[in-house]
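Report on one structure; see the data block that follows.
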Amino acid sequence: FFRSKALANLKDTFGKPLAFHSPDDAPRNFKQFGFVNSVVGCGMLNAWVAFFAVGYVYMVVFCWLSYAPLFYAPTFALEALGGWNGLLAPWLVIFTAIHVIGMALILTWDAMRTRFMFPVTNMAEATHVMIEEDVSC
């Protein structure tokens with residue numbers, strides 16, 4: 001939604017001509033398009049790291065609580081959670097979710113990263129440039 005809205009708000013023609021000299025002397029016309037990263041998009045894409053960190057902290061704290069008598073942890077916490085089942089079930093959900101998200105991101109990271117970018121007309125503002133062959137000529 002925001003990407004198409006940003007593209008519609010561009011004042012100039014989107015895409016700048018690019019001079020290219022082909023090694024086979026075939027005439028080719030290219031256009032370059034500037035894009036800038038979205039702070040919100042990058043934050044959303046990297047939010048899985050926070051989910052991973054929460055799972056890791058959960059594991060460390062509740063492992064400490066589960067071995068309460070050995071490491072001077074309060075024993076009431078383990079009893080309040082109902083023993084190992086109360087500790088392990090939420091951790092397994094977090095562990096599984098992190099790995100499923102990781103597998104999906106391995107396959108889709110680059111495509112998702114580009115979908116969170118906004119087009120810009122000024123190449124000086126662009127953080128990324130896409131070059132396409134202009135086939136309309």
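Labeling convention for the structure tokens: chains A, B, ... as they appear, residues from 1 per chain, ligands from 1 in order of appearance.
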
Per residue of stretch 109-137 of chain A within 6 Å of stretch 33-48 of chain A, what are the shortest atom pair and its distance in Å to one decimal, counting only C-alpha atoms, with rows by chain and residue number, as a Markdown table?
| residue | atom | partner | partner_atom | distance |
| --- | --- | --- | --- | --- |
| A:Phe116 | CA | A:Gly41 | CA | 4.9 |
| A:Met117 | CA | A:Asn37 | CA | 4.7 |
| A:Phe118 | CA | A:Val36 | CA | 5.3 |
| A:Pro119 | CA | A:Phe35 | CA | 4.3 |
| A:Val120 | CA | A:Gly34 | CA | 5.4 |
| A:Met123 | CA | A:Gly34 | CA | 5.6 |
| A:Ala126 | CA | A:Val36 | CA | 5.0 |
| A:Thr127 | CA | A:Val36 | CA | 4.9 |
| A:His128 | CA | A:Phe35 | CA | 5.2 |
| A:Val129 | CA | A:Gly34 | CA | 4.7 |
| A:Met130 | CA | A:Phe33 | CA | 5.1 |

DSSP-assigned helix (DSSP H, G or I) among stretch 11-109 of chain A, expressed as a tab-separated table (two decimals) with all heavy atoms, in the first residue's frame:
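What follows is the written file selection15.tsv:
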chain	number	residue	atom	x	y	z
A	39	VAL	N	12.49	2.46	7.43
A	39	VAL	CA	12.87	2.17	8.81
A	39	VAL	C	11.89	1.18	9.43
A	39	VAL	O	12.29	0.23	10.10
A	39	VAL	CB	12.94	3.48	9.64
A	39	VAL	CG1	13.23	3.19	11.09
A	39	VAL	CG2	13.98	4.41	9.05
A	40	VAL	N	10.62	1.39	9.19
A	40	VAL	CA	9.60	0.50	9.74
A	40	VAL	C	9.74	-0.90	9.14
A	40	VAL	O	9.67	-1.90	9.84
A	40	VAL	CB	8.19	1.06	9.47
A	40	VAL	CG1	7.12	0.08	9.91
A	40	VAL	CG2	8.02	2.39	10.18
A	41	GLY	N	9.97	-0.96	7.83
A	41	GLY	CA	10.14	-2.25	7.17
A	41	GLY	C	11.34	-3.01	7.67
A	41	GLY	O	11.27	-4.22	7.92
A	42	CYS	N	12.46	-2.31	7.83
A	42	CYS	CA	13.67	-2.97	8.36
A	42	CYS	C	13.44	-3.45	9.79
A	42	CYS	O	13.89	-4.53	10.16
A	42	CYS	CB	14.86	-2.02	8.30
A	42	CYS	SG	15.45	-1.70	6.64
A	43	GLY	N	12.74	-2.64	10.56
A	43	GLY	CA	12.43	-3.05	11.93
A	43	GLY	C	11.55	-4.29	11.98
A	43	GLY	O	11.79	-5.20	12.78
A	44	MET	N	10.55	-4.32	11.11
A	44	MET	CA	9.66	-5.49	11.07
A	44	MET	C	10.41	-6.74	10.61
A	44	MET	O	10.21	-7.83	11.13
A	44	MET	CB	8.48	-5.23	10.15
A	44	MET	CG	7.48	-4.25	10.71
A	44	MET	SD	6.20	-3.79	9.55
A	44	MET	CE	5.56	-5.35	9.00
A	45	LEU	N	11.29	-6.56	9.64
A	45	LEU	CA	12.02	-7.69	9.09
A	45	LEU	C	13.02	-8.25	10.10
A	45	LEU	O	13.25	-9.45	10.15
A	45	LEU	CB	12.73	-7.26	7.81
A	45	LEU	CG	13.29	-8.35	6.94
A	45	LEU	CD1	12.20	-9.34	6.53
A	45	LEU	CD2	13.91	-7.75	5.69
A	48	TRP	N	12.44	-10.61	14.26
A	48	TRP	CA	12.60	-12.00	14.67
A	48	TRP	C	13.78	-12.16	15.62
A	48	TRP	O	13.80	-13.08	16.44
A	48	TRP	CB	12.73	-12.92	13.46
A	48	TRP	CG	14.06	-12.81	12.77
A	48	TRP	CD1	14.42	-11.91	11.83
A	48	TRP	CD2	15.19	-13.63	13.00
A	48	TRP	NE1	15.71	-12.12	11.46
A	48	TRP	CE2	16.22	-13.18	12.15
A	48	TRP	CE3	15.44	-14.72	13.84
A	48	TRP	CZ2	17.47	-13.77	12.12
A	48	TRP	CZ3	16.69	-15.30	13.81
A	48	TRP	CH2	17.69	-14.83	12.95
A	49	VAL	N	14.76	-11.26	15.56
A	49	VAL	CA	15.90	-11.33	16.46
A	49	VAL	C	15.44	-11.09	17.90
A	49	VAL	O	15.92	-11.75	18.82
A	49	VAL	CB	16.98	-10.31	16.04
A	49	VAL	CG1	18.13	-10.28	17.02
A	49	VAL	CG2	17.48	-10.63	14.64
A	50	ALA	N	14.50	-10.18	18.09
A	50	ALA	CA	13.96	-9.94	19.43
A	50	ALA	C	13.23	-11.17	19.95
A	50	ALA	O	13.34	-11.52	21.13
A	50	ALA	CB	13.03	-8.73	19.42
A	51	PHE	N	12.51	-11.84	19.06
A	51	PHE	CA	11.81	-13.07	19.45
A	51	PHE	C	12.82	-14.14	19.87
A	51	PHE	O	12.63	-14.84	20.86
A	51	PHE	CB	10.97	-13.54	18.27
A	51	PHE	CG	9.92	-14.56	18.61
A	51	PHE	CD1	9.00	-14.31	19.61
A	51	PHE	CD2	9.85	-15.76	17.92
A	51	PHE	CE1	8.02	-15.24	19.93
A	51	PHE	CE2	8.89	-16.69	18.23
A	51	PHE	CZ	7.97	-16.43	19.23
A	52	PHE	N	13.92	-14.23	19.15
A	52	PHE	CA	14.99	-15.16	19.49
A	52	PHE	C	15.60	-14.81	20.85
A	52	PHE	O	15.84	-15.69	21.67
A	52	PHE	CB	16.07	-15.14	18.40
A	52	PHE	CG	17.27	-15.96	18.72
A	52	PHE	CD1	17.23	-17.33	18.61
A	52	PHE	CD2	18.44	-15.35	19.14
A	52	PHE	CE1	18.34	-18.10	18.91
A	52	PHE	CE2	19.55	-16.11	19.43
A	52	PHE	CZ	19.51	-17.48	19.32
A	53	ALA	N	15.85	-13.53	21.09
A	53	ALA	CA	16.45	-13.10	22.36
A	53	ALA	C	15.52	-13.39	23.54
A	53	ALA	O	15.98	-13.83	24.60
A	53	ALA	CB	16.78	-11.61	22.31
A	54	VAL	N	14.22	-13.18	23.36
A	54	VAL	CA	13.26	-13.49	24.43
A	54	VAL	C	13.30	-14.99	24.75
A	54	VAL	O	13.29	-15.39	25.91
A	54	VAL	CB	11.84	-13.04	24.02
A	54	VAL	CG1	10.79	-13.63	24.96
A	54	VAL	CG2	11.75	-11.53	24.01
A	55	GLY	N	13.35	-15.82	23.72
A	55	GLY	CA	13.42	-17.27	23.94
A	55	GLY	C	14.70	-17.67	24.66
A	55	GLY	O	14.68	-18.55	25.52
A	56	TYR	N	15.80	-17.03	24.31
A	56	TYR	CA	17.07	-17.36	24.95
A	56	TYR	C	17.06	-16.94	26.42
A	56	TYR	O	17.46	-17.71	27.30
A	56	TYR	CB	18.22	-16.68	24.22
A	56	TYR	CG	19.57	-17.04	24.78
A	56	TYR	CD1	20.13	-18.28	24.53
A	56	TYR	CD2	20.27	-16.15	25.59
A	56	TYR	CE1	21.36	-18.61	25.05
A	56	TYR	CE2	21.49	-16.48	26.13
A	56	TYR	CZ	22.03	-17.71	25.85
A	56	TYR	OH	23.24	-18.06	26.38
A	57	VAL	N	16.58	-15.73	26.71
A	57	VAL	CA	16.50	-15.27	28.10
A	57	VAL	C	15.55	-16.17	28.89
A	57	VAL	O	15.83	-16.54	30.03
A	57	VAL	CB	16.05	-13.78	28.15
A	57	VAL	CG1	15.69	-13.36	29.56
A	57	VAL	CG2	17.14	-12.90	27.58
A	58	TYR	N	14.43	-16.53	28.27
A	58	TYR	CA	13.47	-17.44	28.92
A	58	TYR	C	14.16	-18.75	29.30
A	58	TYR	O	14.01	-19.26	30.40
A	58	TYR	CB	12.30	-17.69	27.97
A	58	TYR	CG	11.25	-18.63	28.52
A	58	TYR	CD1	10.17	-18.13	29.22
A	58	TYR	CD2	11.33	-20.00	28.35
A	58	TYR	CE1	9.20	-18.96	29.74
A	58	TYR	CE2	10.38	-20.85	28.86
A	58	TYR	CZ	9.31	-20.33	29.56
A	58	TYR	OH	8.37	-21.16	30.07
A	59	MET	N	14.92	-19.30	28.35
A	59	MET	CA	15.60	-20.57	28.59
A	59	MET	C	16.60	-20.45	29.74
A	59	MET	O	16.65	-21.30	30.64
A	59	MET	CB	16.32	-21.02	27.32
A	59	MET	CG	17.03	-22.35	27.47
A	59	MET	SD	17.85	-22.84	25.96
A	59	MET	CE	19.14	-21.62	25.87
A	60	VAL	N	17.39	-19.40	29.76
A	60	VAL	CA	18.40	-19.23	30.81
A	60	VAL	C	17.75	-19.05	32.18
A	60	VAL	O	18.13	-19.72	33.15
A	60	VAL	CB	19.32	-18.03	30.47
A	60	VAL	CG1	20.19	-17.67	31.65
A	60	VAL	CG2	20.16	-18.35	29.26
A	61	VAL	N	16.75	-18.18	32.26
A	61	VAL	CA	16.12	-17.91	33.56
A	61	VAL	C	15.40	-19.14	34.08
A	61	VAL	O	15.54	-19.51	35.26
A	61	VAL	CB	15.15	-16.70	33.45
A	61	VAL	CG1	14.28	-16.59	34.69
A	61	VAL	CG2	15.93	-15.43	33.22
A	62	PHE	N	14.66	-19.80	33.23
A	62	PHE	CA	13.88	-20.93	33.72
A	62	PHE	C	14.71	-22.20	33.90
A	62	PHE	O	14.33	-23.06	34.69
A	62	PHE	CB	12.66	-21.17	32.84
A	62	PHE	CG	11.58	-20.16	33.10
A	62	PHE	CD1	11.40	-19.09	32.26
A	62	PHE	CD2	10.79	-20.26	34.23
A	62	PHE	CE1	10.43	-18.14	32.52
A	62	PHE	CE2	9.82	-19.32	34.51
A	62	PHE	CZ	9.64	-18.25	33.66
A	63	CYS	N	15.83	-22.32	33.25
A	63	CYS	CA	16.75	-23.41	33.59
A	63	CYS	C	17.34	-23.18	34.98
A	63	CYS	O	17.49	-24.10	35.76
A	63	CYS	CB	17.87	-23.53	32.56
A	63	CYS	SG	17.35	-24.37	31.06
A	64	TRP	N	17.64	-21.93	35.28
A	64	TRP	CA	18.14	-21.59	36.61
A	64	TRP	C	17.08	-21.91	37.66
A	64	TRP	O	17.37	-22.47	38.71
A	64	TRP	CB	18.51	-20.11	36.63
A	64	TRP	CG	18.91	-19.59	37.98
A	64	TRP	CD1	20.01	-19.95	38.70
A	64	TRP	CD2	18.23	-18.62	38.76
A	64	TRP	NE1	20.05	-19.26	39.88
A	64	TRP	CE2	18.96	-18.43	39.94
A	64	TRP	CE3	17.07	-17.89	38.56
A	64	TRP	CZ2	18.57	-17.54	40.93
A	64	TRP	CZ3	16.69	-17.00	39.54
A	64	TRP	CH2	17.43	-16.83	40.71
A	65	LEU	N	15.81	-21.56	37.36
A	65	LEU	CA	14.74	-21.84	38.31
A	65	LEU	C	14.48	-23.34	38.47
A	65	LEU	O	14.11	-23.81	39.54
A	65	LEU	CB	13.45	-21.14	37.88
A	65	LEU	CG	13.42	-19.62	38.03
A	65	LEU	CD1	12.14	-19.07	37.46
A	65	LEU	CD2	13.60	-19.22	39.48
A	66	SER	N	14.68	-24.09	37.39
A	66	SER	CA	14.38	-25.53	37.47
A	66	SER	C	15.40	-26.28	38.32
A	66	SER	O	15.08	-27.31	38.90
A	66	SER	CB	14.29	-26.13	36.07
A	66	SER	OG	15.56	-26.09	35.46
A	68	ALA	N	16.69	-25.16	41.05
A	68	ALA	CA	16.66	-24.21	42.16
A	68	ALA	C	17.56	-24.58	43.34
A	68	ALA	O	18.33	-23.75	43.80
A	68	ALA	CB	15.23	-24.02	42.63
A	69	PRO	N	17.50	-25.79	43.86
A	69	PRO	CA	18.30	-26.07	45.05
A	69	PRO	C	19.81	-25.98	44.80
A	69	PRO	O	20.56	-25.61	45.69
A	69	PRO	CB	17.90	-27.50	45.42
A	69	PRO	CG	16.62	-27.74	44.73
A	69	PRO	CD	16.63	-26.88	43.52
A	70	LEU	N	20.25	-26.28	43.60
A	70	LEU	CA	21.69	-26.27	43.32
A	70	LEU	C	22.26	-24.87	43.16
A	70	LEU	O	23.43	-24.64	43.45
A	70	LEU	CB	21.97	-27.08	42.06
A	70	LEU	CG	21.59	-28.56	42.11
A	70	LEU	CD1	21.80	-29.21	40.76
A	70	LEU	CD2	22.41	-29.28	43.16
A	71	PHE	N	21.46	-23.93	42.65
A	71	PHE	CA	21.99	-22.61	42.32
A	71	PHE	C	21.29	-21.48	43.07
A	71	PHE	O	21.25	-20.35	42.60
A	71	PHE	CB	21.87	-22.37	40.81
A	71	PHE	CG	22.67	-23.35	40.00
A	71	PHE	CD1	22.02	-24.36	39.31
A	71	PHE	CD2	24.04	-23.28	39.97
A	71	PHE	CE1	22.75	-25.28	38.57
A	71	PHE	CE2	24.77	-24.19	39.23
A	71	PHE	CZ	24.14	-25.20	38.54
A	75	THR	N	12.60	-21.75	45.05
A	75	THR	CA	11.92	-22.99	44.66
A	75	THR	C	10.43	-22.78	44.41
A	75	THR	O	9.80	-23.59	43.73
A	75	THR	CB	12.10	-24.06	45.76
A	75	THR	OG1	11.64	-23.52	47.00
A	75	THR	CG2	13.56	-24.45	45.88
A	76	PHE	N	9.87	-21.71	44.92
A	76	PHE	CA	8.44	-21.48	44.72
A	76	PHE	C	8.09	-21.26	43.25
A	76	PHE	O	6.99	-21.55	42.81
A	76	PHE	CB	7.94	-20.30	45.57
A	76	PHE	CG	8.41	-18.96	45.08
A	76	PHE	CD1	7.68	-18.27	44.12
A	76	PHE	CD2	9.58	-18.40	45.57
A	76	PHE	CE1	8.10	-17.04	43.67
A	76	PHE	CE2	10.01	-17.17	45.12
A	76	PHE	CZ	9.27	-16.49	44.16
A	77	ALA	N	9.01	-20.73	42.47
A	77	ALA	CA	8.73	-20.45	41.06
A	77	ALA	C	8.49	-21.74	40.28
A	77	ALA	O	7.56	-21.84	39.48
A	77	ALA	CB	9.88	-19.66	40.43
A	78	LEU	N	9.32	-22.75	40.51
A	78	LEU	CA	9.14	-24.03	39.82
A	78	LEU	C	7.82	-24.68	40.24
A	78	LEU	O	7.10	-25.22	39.41
A	78	LEU	CB	10.32	-24.96	40.12
A	78	LEU	CG	10.29	-26.31	39.40
A	78	LEU	CD1	10.33	-26.11	37.89
A	78	LEU	CD2	11.44	-27.17	39.84
A	79	GLU	N	7.49	-24.60	41.51
A	79	GLU	CA	6.24	-25.18	41.99
A	79	GLU	C	5.03	-24.42	41.44
A	79	GLU	O	4.01	-25.02	41.11
A	79	GLU	CB	6.23	-25.19	43.52
A	79	GLU	CG	7.27	-26.10	44.12
A	79	GLU	CD	7.48	-25.86	45.61
A	79	GLU	OE1	6.78	-24.99	46.18
A	79	GLU	OE2	8.34	-26.53	46.18
A	80	ALA	N	5.14	-23.11	41.33
A	80	ALA	CA	4.04	-22.29	40.83
A	80	ALA	C	3.76	-22.58	39.35
A	80	ALA	O	2.61	-22.49	38.90
A	80	ALA	CB	4.35	-20.82	41.02
A	84	TRP	N	8.22	-29.22	35.32
A	84	TRP	CA	8.84	-29.14	34.00
A	84	TRP	C	7.84	-28.84	32.88
A	84	TRP	O	8.18	-28.16	31.91
A	84	TRP	CB	9.56	-30.45	33.68
A	84	TRP	CG	10.95	-30.46	34.22
A	84	TRP	CD1	11.38	-31.08	35.35
A	84	TRP	CD2	12.07	-29.79	33.67
A	84	TRP	NE1	12.71	-30.83	35.54
A	84	TRP	CE2	13.16	-30.04	34.50
A	84	TRP	CE3	12.27	-28.98	32.56
A	84	TRP	CZ2	14.42	-29.53	34.26
A	84	TRP	CZ3	13.53	-28.48	32.31
A	84	TRP	CH2	14.59	-28.75	33.16
A	85	ASN	N	6.63	-29.35	32.98
A	85	ASN	CA	5.65	-29.07	31.92
A	85	ASN	C	5.34	-27.59	31.80
A	85	ASN	O	5.19	-27.06	30.71
A	85	ASN	CB	4.36	-29.85	32.17
A	85	ASN	CG	4.56	-31.33	31.95
A	85	ASN	OD1	5.48	-31.73	31.24
A	85	ASN	ND2	3.71	-32.13	32.56
A	86	GLY	N	5.24	-26.91	32.92
A	86	GLY	CA	4.97	-25.48	32.90
A	86	GLY	C	6.15	-24.67	32.37
A	86	GLY	O	5.97	-23.59	31.82
A	87	LEU	N	7.35	-25.21	32.53
A	87	LEU	CA	8.54	-24.52	32.03
A	87	LEU	C	8.80	-24.81	30.56
A	87	LEU	O	9.14	-23.93	29.79
A	87	LEU	CB	9.78	-24.97	32.82
A	87	LEU	CG	9.91	-24.50	34.25
A	87	LEU	CD1	11.11	-25.15	34.90
A	87	LEU	CD2	10.06	-23.00	34.29
A	88	LEU	N	8.64	-26.06	30.19
A	88	LEU	CA	9.07	-26.49	28.86
A	88	LEU	C	8.09	-26.17	27.75
A	88	LEU	O	8.52	-25.88	26.62
A	88	LEU	CB	9.35	-28.00	28.89
A	88	LEU	CG	10.18	-28.54	27.76
A	88	LEU	CD1	11.50	-27.81	27.68
A	88	LEU	CD2	10.41	-30.02	27.94
A	89	ALA	N	6.82	-26.19	28.00
A	89	ALA	CA	5.84	-25.96	26.93
A	89	ALA	C	5.99	-24.58	26.27
A	89	ALA	O	6.06	-24.50	25.05
A	89	ALA	CB	4.42	-26.17	27.46
A	90	PRO	N	6.07	-23.47	27.03
A	90	PRO	CA	6.26	-22.18	26.35
A	90	PRO	C	7.59	-22.09	25.61
A	90	PRO	O	7.68	-21.51	24.53
A	90	PRO	CB	6.21	-21.16	27.49
A	90	PRO	CG	5.50	-21.85	28.59
A	90	PRO	CD	5.82	-23.30	28.46
A	91	TRP	N	8.64	-22.69	26.17
A	91	TRP	CA	9.93	-22.66	25.50
A	91	TRP	C	9.89	-23.42	24.18
A	91	TRP	O	10.47	-22.99	23.20
A	91	TRP	CB	11.03	-23.24	26.40
A	91	TRP	CG	12.36	-23.19	25.73
A	91	TRP	CD1	13.16	-22.11	25.63
A	91	TRP	CD2	12.98	-24.25	25.02
A	91	TRP	NE1	14.28	-22.43	24.90
A	91	TRP	CE2	14.20	-23.75	24.52
A	91	TRP	CE3	12.66	-25.58	24.77
A	91	TRP	CZ2	15.08	-24.51	23.78
A	91	TRP	CZ3	13.53	-26.34	24.03
A	91	TRP	CH2	14.72	-25.81	23.54
A	92	LEU	N	9.19	-24.55	24.14
A	92	LEU	CA	9.07	-25.31	22.90
A	92	LEU	C	8.33	-24.52	21.82
A	92	LEU	O	8.67	-24.59	20.65
A	92	LEU	CB	8.38	-26.65	23.14
A	92	LEU	CG	9.24	-27.72	23.77
A	92	LEU	CD1	8.40	-28.95	24.10
A	92	LEU	CD2	10.40	-28.08	22.89
A	93	VAL	N	7.32	-23.76	22.23
A	93	VAL	CA	6.60	-22.92	21.27
A	93	VAL	C	7.53	-21.85	20.70
A	93	VAL	O	7.59	-21.63	19.49
A	93	VAL	CB	5.36	-22.28	21.94
A	93	VAL	CG1	4.74	-21.22	21.05
A	93	VAL	CG2	4.34	-23.36	22.29
A	94	ILE	N	8.28	-21.19	21.58
A	94	ILE	CA	9.22	-20.16	21.13
A	94	ILE	C	10.30	-20.78	20.24
A	94	ILE	O	10.62	-20.25	19.17
A	94	ILE	CB	9.85	-19.44	22.33
A	94	ILE	CG1	8.79	-18.63	23.07
A	94	ILE	CG2	11.01	-18.55	21.91
A	94	ILE	CD1	9.26	-18.07	24.40
A	95	PHE	N	10.87	-21.89	20.64
A	95	PHE	CA	11.91	-22.57	19.89
A	95	PHE	C	11.42	-22.95	18.49
A	95	PHE	O	12.09	-22.70	17.49
A	95	PHE	CB	12.35	-23.82	20.66
A	95	PHE	CG	13.42	-24.62	19.99
A	95	PHE	CD1	14.75	-24.26	20.14
A	95	PHE	CD2	13.10	-25.73	19.23
A	95	PHE	CE1	15.75	-25.00	19.53
A	95	PHE	CE2	14.10	-26.46	18.61
A	95	PHE	CZ	15.42	-26.09	18.75
A	96	THR	N	10.22	-23.53	18.42
A	96	THR	CA	9.66	-23.95	17.12
A	96	THR	C	9.37	-22.73	16.25
A	96	THR	O	9.69	-22.72	15.06
A	96	THR	CB	8.38	-24.76	17.35
A	96	THR	OG1	8.70	-25.87	18.20
A	96	THR	CG2	7.82	-25.27	16.04
A	97	ALA	N	8.79	-21.70	16.83
A	97	ALA	CA	8.45	-20.50	16.05
A	97	ALA	C	9.71	-19.84	15.49
A	97	ALA	O	9.74	-19.41	14.34
A	97	ALA	CB	7.67	-19.51	16.91
A	98	ILE	N	10.78	-19.78	16.28
A	98	ILE	CA	12.03	-19.17	15.81
A	98	ILE	C	12.57	-19.94	14.62
A	98	ILE	O	13.02	-19.36	13.63
A	98	ILE	CB	13.06	-19.12	16.94
A	98	ILE	CG1	12.67	-18.06	17.96
A	98	ILE	CG2	14.46	-18.84	16.40
A	98	ILE	CD1	13.49	-18.09	19.21
A	99	HIS	N	12.54	-21.26	14.69
A	99	HIS	CA	13.08	-22.06	13.59
A	99	HIS	C	12.19	-22.01	12.34
A	99	HIS	O	12.70	-22.01	11.23
A	99	HIS	CB	13.33	-23.49	14.06
A	99	HIS	CG	14.54	-23.58	14.92
A	99	HIS	ND1	14.52	-23.28	16.26
A	99	HIS	CD2	15.83	-23.90	14.62
A	99	HIS	CE1	15.73	-23.43	16.75
A	99	HIS	NE2	16.54	-23.79	15.78
A	100	VAL	N	10.90	-21.94	12.51
A	100	VAL	CA	10.01	-21.81	11.35
A	100	VAL	C	10.22	-20.44	10.69
A	100	VAL	O	10.31	-20.34	9.46
A	100	VAL	CB	8.53	-22.01	11.78
A	100	VAL	CG1	7.58	-21.58	10.67
A	100	VAL	CG2	8.30	-23.46	12.17
A	101	ILE	N	10.31	-19.39	11.51
A	101	ILE	CA	10.57	-18.05	10.96
A	101	ILE	C	11.92	-18.03	10.26
A	101	ILE	O	12.06	-17.47	9.17
A	101	ILE	CB	10.51	-16.99	12.08
A	101	ILE	CG1	9.08	-16.81	12.57
A	101	ILE	CG2	11.06	-15.65	11.59
A	101	ILE	CD1	8.96	-15.97	13.84
A	102	GLY	N	12.93	-18.65	10.86
A	102	GLY	CA	14.25	-18.70	10.25
A	102	GLY	C	14.24	-19.42	8.91
A	102	GLY	O	14.86	-18.96	7.95
A	103	MET	N	13.52	-20.53	8.81
A	103	MET	CA	13.45	-21.26	7.53
A	103	MET	C	12.74	-20.43	6.47
A	103	MET	O	13.14	-20.41	5.31
A	103	MET	CB	12.73	-22.60	7.73
A	103	MET	CG	13.58	-23.62	8.45
A	103	MET	SD	12.82	-25.23	8.54
A	103	MET	CE	11.52	-24.96	9.72
A	104	ALA	N	11.68	-19.73	6.87
A	104	ALA	CA	10.97	-18.89	5.90
A	104	ALA	C	11.84	-17.71	5.45
A	104	ALA	O	11.86	-17.36	4.27
A	104	ALA	CB	9.67	-18.38	6.51
A	105	LEU	N	12.59	-17.13	6.38
A	105	LEU	CA	13.43	-15.99	6.03
A	105	LEU	C	14.61	-16.39	5.14
A	105	LEU	O	15.05	-15.59	4.32
A	105	LEU	CB	13.93	-15.29	7.29
A	105	LEU	CG	12.90	-14.46	8.03
A	105	LEU	CD1	13.48	-13.90	9.31
A	105	LEU	CD2	12.37	-13.35	7.16
A	106	ILE	N	15.12	-17.59	5.30
A	106	ILE	CA	16.20	-18.05	4.43
A	106	ILE	C	15.74	-18.03	2.97
A	106	ILE	O	16.49	-17.64	2.08
A	106	ILE	CB	16.65	-19.47	4.85
A	106	ILE	CG1	17.49	-19.40	6.12
A	106	ILE	CG2	17.46	-20.14	3.73
A	106	ILE	CD1	17.81	-20.75	6.71
A	107	LEU	N	14.51	-18.43	2.75
A	107	LEU	CA	13.99	-18.49	1.38
A	107	LEU	C	13.51	-17.15	0.85
A	107	LEU	O	13.53	-16.92	-0.35
A	107	LEU	CB	12.84	-19.51	1.32
A	107	LEU	CG	13.20	-20.94	1.69
A	107	LEU	CD1	11.95	-21.80	1.76
A	107	LEU	CD2	14.20	-21.52	0.70
A	108	THR	N	13.07	-16.27	1.71
A	108	THR	CA	12.40	-15.05	1.25
A	108	THR	C	13.05	-13.74	1.68
A	108	THR	O	12.49	-12.69	1.45
A	108	THR	CB	10.94	-15.04	1.76
A	108	THR	OG1	10.96	-15.03	3.20
A	108	THR	CG2	10.16	-16.24	1.27
A	109	TRP	N	14.23	-13.79	2.29
A	109	TRP	CA	14.85	-12.59	2.86
A	109	TRP	C	15.01	-11.47	1.84
A	109	TRP	O	14.62	-10.33	2.08
A	109	TRP	CB	16.20	-12.94	3.48
A	109	TRP	CG	16.84	-11.77	4.15
A	109	TRP	CD1	17.74	-10.91	3.60
A	109	TRP	CD2	16.61	-11.31	5.48
A	109	TRP	NE1	18.11	-9.96	4.51
A	109	TRP	CE2	17.43	-10.18	5.67
A	109	TRP	CE3	15.82	-11.75	6.52
A	109	TRP	CZ2	17.46	-9.49	6.86
A	109	TRP	CZ3	15.86	-11.05	7.70
A	109	TRP	CH2	16.66	-9.93	7.87

Open item on the list: Please report the interatomic distance between atom CA of A:Ala124 and atom CA of A:Pro27 in Å with one decimal.
Closed with: 27.4 Å

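Interatomic distance, atom CA of A:Phe30 against atom CA of A:Asn122: 17.1 Å.
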
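Residues in contact with A:Phe20 at 12 Å, where only C-alpha atoms are counted and same-chain residues fewer than 5 positions away are skipped, are listed as Asp25, Ala26, Pro27, Arg28, Asn29, Phe30, Lys31, Gln32, Ile131, Glu132, Glu133 and Asp134 of chain A.
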
Task: Coordinates-based distance that separates atom CA of A:Thr114 from atom CA of A:Pro17 (Å, one decimal) - done: 21.4 Å
